[in-house]
Amino acid sequence: MKQSIFTVKTNEIIAHDVYKMTLSGDTSEIKTPGQFVNIKLPGRYLRRPVSVCDLEKDTLTLIYKTVGGGTYDMSRMQKGEKLDLLTGLGNGFDVSCAKDRATLIGGGVGVPPLYFLAKKLINRGVSVDAALGFASKEDAILVNELSALGVNVRTATADGSLGTKGFVTDILRSDCAYFYACGPIPMLHALLKNASSDGQMSFEERMGCGFGACMGCTMQTKSGPKRVCREGPVFDKNEVIFNG
Amino acid sequence: MVDLSVTLSGVKLDNPIIPASGTFGFGYEFADWYDINVLGSISLKGTTKEPRFGNPTPRIAEIPSGLLNSVGLQNPGVDDVIEKEIPRLEKCFSKPLIANISGFSVEDYVYCAEKFDKVSQVGILEINISCPNVHGGGMSFGTSAKAAALVTSAVKKAVKKPVYIKLTPNVTDIAEIARAVEEAGADGISLINTPLGMRIDISRRKPILSNKTGGMSGPCVLPLALRMVFQAYEAVKIPIIGMGGISSANDVIEMMLAGASAVQVGAANLVDPCACRNIIEELPASCEKYGIKKISEITGGAHNG
């Protein structure tokens, strides 16, 4: 974990209310895909946790949705502006659990950390496919980018405007490999109920600190209370308690 | 050289900066960020007789210049705190600790206090009768002078270490409660715990916190805390640990002028993990700027005239 100042390189809209920001700075503490950074925004008291979408040397890519005033302000930031980041937070995905095949399962703005993960898996020689769900075509992100990495991508949208009409659970293959999932809680619980294979799931929760101090983001697991920010955000499927 | 040392009921601290309970875990988490031995002491996460998960999430919400929390005393229970958490902290922190105790009955408080009293690294027992996020305990003891005195005298009879009572700001007259715990034998008081607040998610038309209400902390509560510490200082002679929204060395000086003998820093730790270290580093220069040679001498300095 590290606190340091990053400089905005680019910041552009890529889907409905969804932005992609690249920043340069000290990325040395970011060890695994699925980890997140916590961003101090001018005039806002709490930091904003955002998962790492990609990392190339000292360039960090974040994809975030404008859900309130803080992320709206972030979307207005220009090249050259400085941001105070805590980096290397949380326990990310364990890529060593996938053997020769892996399935990525993402919903909405849960998709970004799967991009960095896909790169790591492919580097290890793992064959990767993905099932991605969005509300509609306007919300879809990273479909082409994942395909360009060589990932076999299937999509579902709630309104049918892209791919299959329905949810990610509707496009899971019966031979679903070891999976890595990130998305809204209802999606993760539907997966827990439907997925036959093992896998890992990344959760989100409203956080106070993002590094384990305040106990604000705790969830109950089969081995006791765990902090989403510290022991998580990624948990083994077999640790998660189904309460949908 | 500015003398930053302060003494609380015979427990000497190198400086008056103490991370506040609930914002610093069991301390060792912060050793990843800096050498925590620079701290005056640490007030440990609020501990209860039995392990507690706390309230359902969401239990954090942002407010202007601060946050609401409704964590609800998540902790592994007093036995695990003594057997696992404190030994882990001892590896990276060698100074006296403040054990923070919550309960749902007088017996609960006494039970935990007796256990912590026997732990050598614990210097002070901080009895939290002010948690706003649990029902049937906590704050219900702190809003009544009679109940506050009852807990205080029961704990005092059971232990040897100094007993500080952590008071809630959610009362009409803080002076009355402060006097009641002093008369019941408290060695000191800590204030303020968090004032109750709420935020509403306008798209869902529901309170953001699943507990509906939560305790406010951060710079937004500093003026409230200063006022209450000021009033409590006029009401009692026992030392006060002042807290509420402290984020800078100047805030520390301000709180001590209001009447605090030492301070706790809470919410600031959550947004800047190095907040306490930074304040300790800034403190000598701030003291010099205001002509302070010995920081313990400024306690209550704002009451002159």
# chains A, B, ... in the order shown; residues from 1 in each chain; ligands from 1
$ residues_around --residues "Val236 in chain B" --least-positions-apart "2" --cutoff "9 Å" --atoms "only C-alpha atoms" --output "number ranges by chain"
B: 175, 178-179, 182, 232-234, 238-239
$ residues_around --residues "Pro195 in chain B" --least-positions-apart "6" --cutoff "8 Å" --atoms "only C-alpha atoms" --output "list of chain:residue names"
B:Pro132, B:Thr168, B:Pro169, B:Asn170, B:Gly215, B:Met216, B:Ser217
$ closest_residue --among "A:Thr164, A:Asn91, A:Thr103, A:Ser147" --to "Asp129 in chain A" --atoms "only C-alpha atoms"
A:Thr103
$ interface_residues --of "chain B" --to "chain A" --cutoff "8 Å" --atoms "only C-alpha atoms" --output "ChimeraX atom specification"
/B:22-25,29,32-33,53,57-67,69-71,74,270-271
$ atom_distance --atom1 "CA of Leu283 in chain B" --atom2 "CA of Ala249 in chain B"
5.0 Å
$ closest_residue --among "A:Lys137, A:Lys20, A:Arg154, A:Arg173" --to "Arg76 in chain A" --atoms "only C-alpha atoms"
A:Lys20
$ atom_distance --atom1 "CA of Leu146 in chain A" --atom2 "CA of His16 in chain A"
18.9 Å
$ residues_around --residues "range 98-107 of chain B" --least-positions-apart "3" --cutoff "6 Å" --atoms "only C-alpha atoms" --output "NGL selection string"
:B and (42-44 or 46-48 or 110-111 or 122-128 or 137 or 151)
$ write_last_selection --atoms "all heavy atoms" --output "CSV table (one decimal), in the first residue's frame"
chain,number,residue,atom,x,y,z
B,42,ILE,N,-2.6,4.6,21.7
B,42,ILE,CA,-3.6,4.1,20.8
B,42,ILE,C,-4.9,3.8,21.5
B,42,ILE,O,-4.8,3.0,22.5
B,42,ILE,CB,-3.1,2.9,19.9
B,42,ILE,CG1,-1.9,3.3,19.1
B,42,ILE,CG2,-4.3,2.4,19.0
B,42,ILE,CD1,-1.3,2.1,18.4
B,43,SER,N,-6.0,4.3,21.1
B,43,SER,CA,-7.3,3.8,21.7
B,43,SER,C,-7.8,2.7,20.8
B,43,SER,O,-8.1,2.9,19.6
B,43,SER,CB,-8.3,4.9,21.8
B,43,SER,OG,-9.5,4.4,22.4
B,44,LEU,N,-7.8,1.5,21.4
B,44,LEU,CA,-8.2,0.3,20.6
B,44,LEU,C,-9.6,0.3,20.1
B,44,LEU,O,-10.5,0.9,20.7
B,44,LEU,CB,-7.9,-1.0,21.4
B,44,LEU,CG,-6.5,-1.1,21.9
B,44,LEU,CD1,-6.3,-2.4,22.8
B,44,LEU,CD2,-5.5,-1.2,20.7
B,46,GLY,N,-13.4,-0.5,19.9
B,46,GLY,CA,-14.3,-0.8,20.9
B,46,GLY,C,-14.6,-2.3,21.1
B,46,GLY,O,-14.8,-3.0,20.1
B,47,THR,N,-14.4,-2.8,22.3
B,47,THR,CA,-14.5,-4.2,22.6
B,47,THR,C,-15.6,-4.6,23.5
B,47,THR,O,-15.9,-3.8,24.4
B,47,THR,CB,-13.1,-4.7,23.2
B,47,THR,OG1,-12.1,-4.3,22.3
B,47,THR,CG2,-13.1,-6.1,23.5
B,48,THR,N,-16.3,-5.7,23.2
B,48,THR,CA,-17.4,-6.2,24.0
B,48,THR,C,-17.1,-7.6,24.5
B,48,THR,O,-16.2,-8.2,24.1
B,48,THR,CB,-18.7,-6.2,23.1
B,48,THR,OG1,-18.4,-6.9,21.9
B,48,THR,CG2,-19.2,-4.8,22.8
B,110,VAL,N,-18.0,-4.3,33.5
B,110,VAL,CA,-17.2,-4.8,34.6
B,110,VAL,C,-16.4,-6.0,34.1
B,110,VAL,O,-15.2,-6.1,34.3
B,110,VAL,CB,-18.0,-5.1,35.9
B,110,VAL,CG1,-17.1,-5.8,36.9
B,110,VAL,CG2,-18.6,-3.8,36.4
B,111,TYR,N,-17.0,-6.9,33.4
B,111,TYR,CA,-16.4,-8.1,32.9
B,111,TYR,C,-15.2,-7.8,32.1
B,111,TYR,O,-14.1,-8.3,32.3
B,111,TYR,CB,-17.4,-8.9,32.1
B,111,TYR,CG,-16.9,-10.2,31.6
B,111,TYR,CD1,-17.0,-11.4,32.3
B,111,TYR,CD2,-16.4,-10.3,30.3
B,111,TYR,CE1,-16.6,-12.6,31.8
B,111,TYR,CE2,-15.9,-11.5,29.8
B,111,TYR,CZ,-16.0,-12.7,30.5
B,111,TYR,OH,-15.6,-13.8,30.0
B,122,VAL,N,-1.9,-2.4,28.8
B,122,VAL,CA,-3.0,-1.4,28.9
B,122,VAL,C,-2.7,-0.4,30.0
B,122,VAL,O,-2.5,-0.8,31.1
B,122,VAL,CB,-4.3,-2.2,29.1
B,122,VAL,CG1,-5.5,-1.2,29.5
B,122,VAL,CG2,-4.7,-3.0,27.9
B,123,GLY,N,-2.7,0.9,29.6
B,123,GLY,CA,-2.5,1.9,30.6
B,123,GLY,C,-3.7,2.6,31.2
B,123,GLY,O,-3.8,3.0,32.3
B,124,ILE,N,-4.8,2.7,30.3
B,124,ILE,CA,-6.0,3.3,30.7
B,124,ILE,C,-7.2,2.5,30.1
B,124,ILE,O,-7.1,1.9,29.1
B,124,ILE,CB,-6.0,4.8,30.1
B,124,ILE,CG1,-5.0,5.7,30.8
B,124,ILE,CG2,-7.4,5.4,30.1
B,124,ILE,CD1,-4.9,7.1,30.2
B,125,LEU,N,-8.2,2.5,30.9
B,125,LEU,CA,-9.5,1.8,30.5
B,125,LEU,C,-10.5,3.0,30.1
B,125,LEU,O,-10.8,3.9,30.9
B,125,LEU,CB,-10.1,1.0,31.6
B,125,LEU,CG,-9.2,0.0,32.2
B,125,LEU,CD1,-9.8,-0.6,33.5
B,125,LEU,CD2,-8.9,-1.2,31.2
B,126,GLU,N,-10.9,2.9,28.8
B,126,GLU,CA,-11.8,3.9,28.3
B,126,GLU,C,-13.2,3.3,28.2
B,126,GLU,O,-13.4,2.3,27.4
B,126,GLU,CB,-11.4,4.4,27.0
B,126,GLU,CG,-12.2,5.6,26.4
B,126,GLU,CD,-11.5,6.2,25.1
B,126,GLU,OE1,-11.3,5.4,24.2
B,126,GLU,OE2,-11.3,7.4,25.1
B,127,ILE,N,-14.1,3.7,29.0
B,127,ILE,CA,-15.4,3.1,29.1
B,127,ILE,C,-16.4,3.8,28.2
B,127,ILE,O,-16.8,5.0,28.5
B,127,ILE,CB,-16.0,3.0,30.5
B,127,ILE,CG1,-14.9,2.4,31.5
B,127,ILE,CG2,-17.3,2.3,30.6
B,127,ILE,CD1,-14.5,1.0,31.2
B,128,ASN,N,-16.8,3.2,27.1
B,128,ASN,CA,-17.6,3.8,26.1
B,128,ASN,C,-19.1,3.7,26.4
B,128,ASN,O,-19.7,2.6,26.2
B,128,ASN,CB,-17.3,3.2,24.7
B,128,ASN,CG,-18.2,3.7,23.6
B,128,ASN,OD1,-18.9,4.7,23.8
B,128,ASN,ND2,-18.1,3.1,22.4
B,137,GLY,N,-27.9,-0.6,24.8
B,137,GLY,CA,-26.6,-0.5,25.5
B,137,GLY,C,-26.0,0.8,25.1
B,137,GLY,O,-26.6,1.8,24.7
B,151,VAL,N,-22.4,2.9,36.0
B,151,VAL,CA,-21.4,2.1,35.3
B,151,VAL,C,-20.0,2.5,35.8
B,151,VAL,O,-19.2,1.7,36.1
B,151,VAL,CB,-21.5,2.4,33.8
B,151,VAL,CG1,-20.3,1.7,33.0
B,151,VAL,CG2,-22.8,2.0,33.2
$ closest_residue --among "B:Pro96, B:Arg204, B:Asn193, B:Lys84" --to "Lys12 in chain B" --atoms "only C-alpha atoms"
B:Pro96
$ residues_around --residues "range 154-159 of chain B" --least-positions-apart "2" --cutoff "8 Å" --atoms "only C-alpha atoms" --output "VMD selection string"
chain B and resid 106 109 to 110 113 to 114 117 150 to 152 161 163 185 to 186
$ write_last_selection --atoms "all heavy atoms" --output "mmCIF file, in the first residue's frame"
data_model
loop_
_atom_site.group_PDB
_atom_site.id
_atom_site.type_symbol
_atom_site.label_atom_id
_atom_site.label_comp_id
_atom_site.auth_asym_id
_atom_site.auth_seq_id
_atom_site.Cartn_x
_atom_site.Cartn_y
_atom_site.Cartn_z
ATOM 1 N N VAL B 106 -24.276 -3.248 33.002
ATOM 2 C CA VAL B 106 -23.184 -2.874 33.910
ATOM 3 C C VAL B 106 -22.218 -4.046 34.057
ATOM 4 O O VAL B 106 -20.997 -3.880 34.044
ATOM 5 C CB VAL B 106 -23.761 -2.443 35.284
ATOM 6 C CG1 VAL B 106 -22.626 -2.228 36.292
ATOM 7 C CG2 VAL B 106 -24.589 -1.173 35.141
ATOM 8 N N TYR B 109 -19.657 -4.322 31.209
ATOM 9 C CA TYR B 109 -18.547 -3.367 31.329
ATOM 10 C C TYR B 109 -17.536 -3.855 32.360
ATOM 11 O O TYR B 109 -16.331 -3.823 32.136
ATOM 12 C CB TYR B 109 -19.078 -1.982 31.744
ATOM 13 C CG TYR B 109 -19.739 -1.213 30.624
ATOM 14 C CD1 TYR B 109 -21.123 -1.066 30.566
ATOM 15 C CD2 TYR B 109 -18.979 -0.593 29.631
ATOM 16 C CE1 TYR B 109 -21.734 -0.346 29.555
ATOM 17 C CE2 TYR B 109 -19.584 0.138 28.612
ATOM 18 C CZ TYR B 109 -20.966 0.258 28.572
ATOM 19 O OH TYR B 109 -21.554 0.967 27.567
ATOM 20 N N VAL B 110 -18.046 -4.311 33.507
ATOM 21 C CA VAL B 110 -17.161 -4.774 34.581
ATOM 22 C C VAL B 110 -16.362 -5.989 34.115
ATOM 23 O O VAL B 110 -15.151 -6.083 34.335
ATOM 24 C CB VAL B 110 -17.978 -5.089 35.860
ATOM 25 C CG1 VAL B 110 -17.106 -5.784 36.907
ATOM 26 C CG2 VAL B 110 -18.583 -3.808 36.428
ATOM 27 N N ALA B 113 -13.659 -4.849 31.719
ATOM 28 C CA ALA B 113 -12.697 -3.976 32.411
ATOM 29 C C ALA B 113 -11.766 -4.807 33.291
ATOM 30 O O ALA B 113 -10.552 -4.575 33.321
ATOM 31 C CB ALA B 113 -13.435 -2.931 33.237
ATOM 32 N N GLU B 114 -12.324 -5.791 33.984
ATOM 33 C CA GLU B 114 -11.483 -6.651 34.840
ATOM 34 C C GLU B 114 -10.437 -7.385 34.010
ATOM 35 O O GLU B 114 -9.291 -7.543 34.416
ATOM 36 C CB GLU B 114 -12.358 -7.672 35.594
ATOM 37 C CG GLU B 114 -13.070 -7.065 36.789
ATOM 38 C CD GLU B 114 -13.990 -8.056 37.505
ATOM 39 O OE1 GLU B 114 -14.495 -8.988 36.835
ATOM 40 O OE2 GLU B 114 -14.205 -7.867 38.708
ATOM 41 N N ASP B 117 -7.803 -4.927 32.740
ATOM 42 C CA ASP B 117 -7.035 -4.413 33.879
ATOM 43 C C ASP B 117 -5.785 -5.263 34.130
ATOM 44 O O ASP B 117 -4.789 -4.783 34.653
ATOM 45 C CB ASP B 117 -7.942 -4.397 35.122
ATOM 46 C CG ASP B 117 -7.393 -3.514 36.235
ATOM 47 O OD1 ASP B 117 -6.953 -2.378 35.922
ATOM 48 O OD2 ASP B 117 -7.397 -3.943 37.399
ATOM 49 N N LEU B 150 -23.600 4.953 37.604
ATOM 50 C CA LEU B 150 -23.699 3.544 38.000
ATOM 51 C C LEU B 150 -22.605 2.702 37.333
ATOM 52 O O LEU B 150 -21.912 1.918 37.994
ATOM 53 C CB LEU B 150 -25.085 3.035 37.575
ATOM 54 C CG LEU B 150 -25.642 1.823 38.294
ATOM 55 C CD1 LEU B 150 -25.925 2.164 39.755
ATOM 56 C CD2 LEU B 150 -26.934 1.353 37.613
ATOM 57 N N VAL B 151 -22.449 2.868 36.017
ATOM 58 C CA VAL B 151 -21.409 2.130 35.279
ATOM 59 C C VAL B 151 -20.035 2.525 35.823
ATOM 60 O O VAL B 151 -19.185 1.664 36.096
ATOM 61 C CB VAL B 151 -21.467 2.432 33.759
ATOM 62 C CG1 VAL B 151 -20.312 1.746 33.028
ATOM 63 C CG2 VAL B 151 -22.798 1.997 33.166
ATOM 64 N N THR B 152 -19.834 3.826 36.009
ATOM 65 C CA THR B 152 -18.529 4.324 36.462
ATOM 66 C C THR B 152 -18.142 3.721 37.813
ATOM 67 O O THR B 152 -17.031 3.194 37.973
ATOM 68 C CB THR B 152 -18.561 5.865 36.595
ATOM 69 O OG1 THR B 152 -19.001 6.413 35.354
ATOM 70 C CG2 THR B 152 -17.190 6.415 36.938
ATOM 71 N N LYS B 161 -6.525 0.172 37.257
ATOM 72 C CA LYS B 161 -6.035 1.147 36.281
ATOM 73 C C LYS B 161 -6.968 2.349 36.157
ATOM 74 O O LYS B 161 -8.162 2.245 36.478
ATOM 75 C CB LYS B 161 -5.874 0.456 34.924
ATOM 76 C CG LYS B 161 -4.663 -0.466 34.959
ATOM 77 C CD LYS B 161 -4.355 -1.193 33.697
ATOM 78 C CE LYS B 161 -3.009 -1.895 33.893
ATOM 79 N NZ LYS B 161 -2.795 -3.006 32.979
ATOM 80 N N VAL B 163 -9.633 4.909 34.979
ATOM 81 C CA VAL B 163 -10.870 4.711 34.223
ATOM 82 C C VAL B 163 -11.319 6.048 33.634
ATOM 83 O O VAL B 163 -11.562 7.012 34.363
ATOM 84 C CB VAL B 163 -11.976 4.138 35.140
ATOM 85 C CG1 VAL B 163 -13.319 4.095 34.407
ATOM 86 C CG2 VAL B 163 -11.589 2.742 35.640
ATOM 87 N N GLY B 185 -16.333 8.613 40.634
ATOM 88 C CA GLY B 185 -14.964 8.116 40.761
ATOM 89 C C GLY B 185 -14.155 8.046 39.484
ATOM 90 O O GLY B 185 -13.018 7.556 39.500
ATOM 91 N N ALA B 186 -14.693 8.521 38.362
ATOM 92 C CA ALA B 186 -13.931 8.464 37.103
ATOM 93 C C ALA B 186 -12.612 9.219 37.242
ATOM 94 O O ALA B 186 -12.552 10.266 37.889
ATOM 95 C CB ALA B 186 -14.751 9.069 35.957
#
$ residues_around --residues "Leu224 in chain B" --least-positions-apart "4" --cutoff "12 Å" --atoms "only C-alpha atoms" --output "ChimeraX atom specification"
/B:168-170,174,191-195,216-220,228-231,242-246,255,258
$ closest_residue --among "B:Ala267, B:Ile202, B:Ala262, B:Cys92" --to "Ala31 in chain B" --atoms "only C-alpha atoms"
B:Cys92
$ atom_distance --atom1 "CA of Phe6 in chain A" --atom2 "CA of Leu23 in chain A"
6.0 Å
$ residues_around --residues "Phe36 in chain A" --least-positions-apart "6" --cutoff "8 Å" --atoms "only C-alpha atoms" --output "PyMOL selection string"
chain A and resi 49-52+87-90
$ residues_around --residues "Thr155 in chain A" --least-positions-apart "6" --cutoff "12 Å" --atoms "only C-alpha atoms" --output "PyMOL selection string"
chain A and resi 104-108+111+129-137+139-144+146-147+161-172
$ write_last_selection --atoms "N, CA, C and O atoms" --output "short mmCIF file (atom, residue, chain, number, x, y, z; two decimals), in the first residue's frame"
data_model
loop_
_atom_site.label_atom_id
_atom_site.label_comp_id
_atom_site.auth_asym_id
_atom_site.auth_seq_id
_atom_site.Cartn_x
_atom_site.Cartn_y
_atom_site.Cartn_z
N LEU A 104 -14.44 -15.35 -17.65
CA LEU A 104 -14.62 -14.08 -16.95
C LEU A 104 -16.10 -13.73 -16.99
O LEU A 104 -16.73 -13.84 -18.05
N ILE A 105 -16.65 -13.32 -15.86
CA ILE A 105 -18.07 -12.98 -15.80
C ILE A 105 -18.17 -11.58 -15.22
O ILE A 105 -17.75 -11.34 -14.08
N GLY A 106 -18.68 -10.65 -16.02
CA GLY A 106 -18.70 -9.26 -15.57
C GLY A 106 -20.04 -8.60 -15.81
O GLY A 106 -20.72 -8.89 -16.80
N GLY A 107 -20.41 -7.71 -14.92
CA GLY A 107 -21.64 -6.95 -15.09
C GLY A 107 -21.36 -5.46 -14.96
O GLY A 107 -20.77 -5.03 -13.96
N GLY A 108 -21.73 -4.67 -15.96
CA GLY A 108 -21.61 -3.21 -15.90
C GLY A 108 -20.21 -2.75 -15.59
O GLY A 108 -19.24 -3.20 -16.19
N VAL A 111 -16.89 -4.86 -15.02
CA VAL A 111 -16.05 -5.45 -16.08
C VAL A 111 -14.59 -4.97 -16.04
O VAL A 111 -13.68 -5.76 -16.28
N ASP A 129 -12.46 -17.06 -21.95
CA ASP A 129 -13.71 -16.60 -22.55
C ASP A 129 -14.42 -15.71 -21.54
O ASP A 129 -14.07 -15.71 -20.35
N ALA A 130 -15.39 -14.91 -22.03
CA ALA A 130 -16.03 -13.96 -21.12
C ALA A 130 -17.53 -13.88 -21.39
O ALA A 130 -17.96 -13.93 -22.55
N ALA A 131 -18.29 -13.75 -20.31
CA ALA A 131 -19.73 -13.47 -20.40
C ALA A 131 -19.95 -12.12 -19.73
O ALA A 131 -19.71 -11.99 -18.53
N LEU A 132 -20.35 -11.13 -20.53
CA LEU A 132 -20.49 -9.78 -19.99
C LEU A 132 -21.94 -9.32 -20.09
O LEU A 132 -22.59 -9.52 -21.12
N GLY A 133 -22.43 -8.71 -19.04
CA GLY A 133 -23.81 -8.22 -19.03
C GLY A 133 -23.87 -6.72 -18.82
O GLY A 133 -23.11 -6.17 -18.02
N PHE A 134 -24.77 -6.07 -19.55
CA PHE A 134 -24.97 -4.62 -19.41
C PHE A 134 -26.47 -4.33 -19.48
O PHE A 134 -27.25 -5.17 -19.96
N ALA A 135 -26.84 -3.12 -19.05
CA ALA A 135 -28.25 -2.75 -19.13
C ALA A 135 -28.66 -2.63 -20.61
O ALA A 135 -29.69 -3.16 -21.02
N SER A 136 -27.83 -1.94 -21.39
CA SER A 136 -28.12 -1.83 -22.82
C SER A 136 -26.83 -1.57 -23.58
O SER A 136 -25.75 -1.45 -22.98
N LYS A 137 -26.95 -1.47 -24.91
CA LYS A 137 -25.78 -1.27 -25.78
C LYS A 137 -25.00 -0.01 -25.38
O LYS A 137 -23.77 0.00 -25.44
N ASP A 139 -24.39 1.11 -22.57
CA ASP A 139 -23.63 0.91 -21.34
C ASP A 139 -22.45 -0.05 -21.53
O ASP A 139 -21.65 -0.23 -20.62
N ALA A 140 -22.38 -0.68 -22.71
CA ALA A 140 -21.36 -1.73 -22.91
C ALA A 140 -19.96 -1.13 -22.94
O ALA A 140 -19.73 -0.08 -23.54
N ILE A 141 -19.04 -1.78 -22.25
CA ILE A 141 -17.64 -1.34 -22.22
C ILE A 141 -16.71 -2.53 -22.39
O ILE A 141 -17.05 -3.66 -22.00
N LEU A 142 -15.56 -2.27 -22.99
CA LEU A 142 -14.44 -3.21 -23.07
C LEU A 142 -14.71 -4.48 -23.89
O LEU A 142 -13.89 -5.40 -23.89
N VAL A 143 -15.84 -4.53 -24.61
CA VAL A 143 -16.14 -5.72 -25.40
C VAL A 143 -15.09 -5.90 -26.50
O VAL A 143 -14.49 -6.98 -26.64
N ASN A 144 -14.83 -4.81 -27.25
CA ASN A 144 -13.84 -4.91 -28.33
C ASN A 144 -12.42 -5.09 -27.80
O ASN A 144 -11.62 -5.83 -28.37
N LEU A 146 -11.44 -6.53 -25.00
CA LEU A 146 -11.21 -7.90 -24.55
C LEU A 146 -11.08 -8.84 -25.75
O LEU A 146 -10.21 -9.72 -25.76
N SER A 147 -11.91 -8.63 -26.76
CA SER A 147 -11.82 -9.45 -27.97
C SER A 147 -10.44 -9.31 -28.60
O SER A 147 -9.84 -10.30 -29.06
N SER A 161 -30.49 -4.93 -26.71
CA SER A 161 -29.90 -4.09 -27.76
C SER A 161 -28.50 -4.55 -28.18
O SER A 161 -27.97 -4.11 -29.19
N LEU A 162 -27.89 -5.42 -27.41
CA LEU A 162 -26.59 -6.00 -27.77
C LEU A 162 -26.54 -7.42 -27.25
O LEU A 162 -26.84 -7.68 -26.09
N GLY A 163 -26.18 -8.36 -28.14
CA GLY A 163 -26.06 -9.76 -27.73
C GLY A 163 -27.41 -10.35 -27.34
O GLY A 163 -28.47 -9.96 -27.83
N THR A 164 -27.34 -11.28 -26.42
CA THR A 164 -28.55 -11.98 -25.98
C THR A 164 -29.38 -11.08 -25.06
O THR A 164 -28.82 -10.36 -24.24
N LYS A 165 -30.71 -11.14 -25.19
CA LYS A 165 -31.56 -10.38 -24.26
C LYS A 165 -31.62 -11.16 -22.95
O LYS A 165 -32.03 -12.31 -22.92
N GLY A 166 -31.19 -10.52 -21.87
CA GLY A 166 -31.21 -11.20 -20.58
C GLY A 166 -30.02 -10.82 -19.72
O GLY A 166 -29.49 -9.71 -19.86
N PHE A 167 -29.62 -11.73 -18.86
CA PHE A 167 -28.54 -11.46 -17.91
C PHE A 167 -27.34 -12.38 -18.18
O PHE A 167 -27.47 -13.35 -18.94
N VAL A 168 -26.23 -12.11 -17.52
CA VAL A 168 -25.03 -12.94 -17.77
C VAL A 168 -25.30 -14.41 -17.48
O VAL A 168 -24.74 -15.28 -18.14
N THR A 169 -26.17 -14.68 -16.51
CA THR A 169 -26.44 -16.08 -16.19
C THR A 169 -27.11 -16.80 -17.37
O THR A 169 -27.04 -18.02 -17.48
N ASP A 170 -27.74 -16.01 -18.28
CA ASP A 170 -28.38 -16.61 -19.45
C ASP A 170 -27.37 -17.01 -20.53
O ASP A 170 -27.70 -17.75 -21.45
N ILE A 171 -26.15 -16.47 -20.45
CA ILE A 171 -25.17 -16.78 -21.49
C ILE A 171 -23.99 -17.58 -20.95
O ILE A 171 -22.95 -17.70 -21.60
N LEU A 172 -24.13 -18.09 -19.74
CA LEU A 172 -23.06 -18.95 -19.20
C LEU A 172 -23.11 -20.27 -19.95
O LEU A 172 -24.18 -20.87 -20.10
#
$ decode --residues "range 58-84 of chain A" --atoms "C-alpha atoms" --output "PDB file, in the first residue's frame"
ATOM      1  CA  ASP A  58       3.731   3.803 -14.671  1.00  0.00           C
ATOM      2  CA  THR A  59       0.419   4.294 -16.490  1.00  0.00           C
ATOM      3  CA  LEU A  60      -2.725   3.331 -14.635  1.00  0.00           C
ATOM      4  CA  THR A  61      -6.099   2.989 -16.388  1.00  0.00           C
ATOM      5  CA  LEU A  62      -9.322   3.415 -14.418  1.00  0.00           C
ATOM      6  CA  ILE A  63     -12.866   3.077 -15.716  1.00  0.00           C
ATOM      7  CA  TYR A  64     -15.529   4.615 -13.515  1.00  0.00           C
ATOM      8  CA  LYS A  65     -19.185   5.532 -13.610  1.00  0.00           C
ATOM      9  CA  THR A  66     -20.500   8.930 -12.536  1.00  0.00           C
ATOM     10  CA  VAL A  67     -22.882   7.986  -9.756  1.00  0.00           C
ATOM     11  CA  GLY A  68     -22.752  11.144  -7.635  1.00  0.00           C
ATOM     12  CA  GLY A  69     -21.105  14.513  -7.200  1.00  0.00           C
ATOM     13  CA  GLY A  70     -17.632  13.118  -6.522  1.00  0.00           C
ATOM     14  CA  THR A  71     -17.365  10.986  -9.623  1.00  0.00           C
ATOM     15  CA  TYR A  72     -19.013  13.782 -11.642  1.00  0.00           C
ATOM     16  CA  ASP A  73     -16.211  16.133 -10.540  1.00  0.00           C
ATOM     17  CA  MET A  74     -13.705  13.430 -11.447  1.00  0.00           C
ATOM     18  CA  SER A  75     -15.172  13.226 -14.953  1.00  0.00           C
ATOM     19  CA  ARG A  76     -14.462  16.963 -15.433  1.00  0.00           C
ATOM     20  CA  MET A  77     -10.758  16.640 -14.629  1.00  0.00           C
ATOM     21  CA  GLN A  78      -8.280  17.635 -17.308  1.00  0.00           C
ATOM     22  CA  LYS A  79      -4.896  16.415 -18.475  1.00  0.00           C
ATOM     23  CA  GLY A  80      -2.148  17.543 -16.100  1.00  0.00           C
ATOM     24  CA  GLU A  81      -4.323  17.728 -12.956  1.00  0.00           C
ATOM     25  CA  LYS A  82      -2.996  15.934  -9.865  1.00  0.00           C
ATOM     26  CA  LEU A  83      -4.769  13.335  -7.739  1.00  0.00           C
ATOM     27  CA  ASP A  84      -3.801  11.844  -4.359  1.00  0.00           C
TER      28      ASP A  84
END
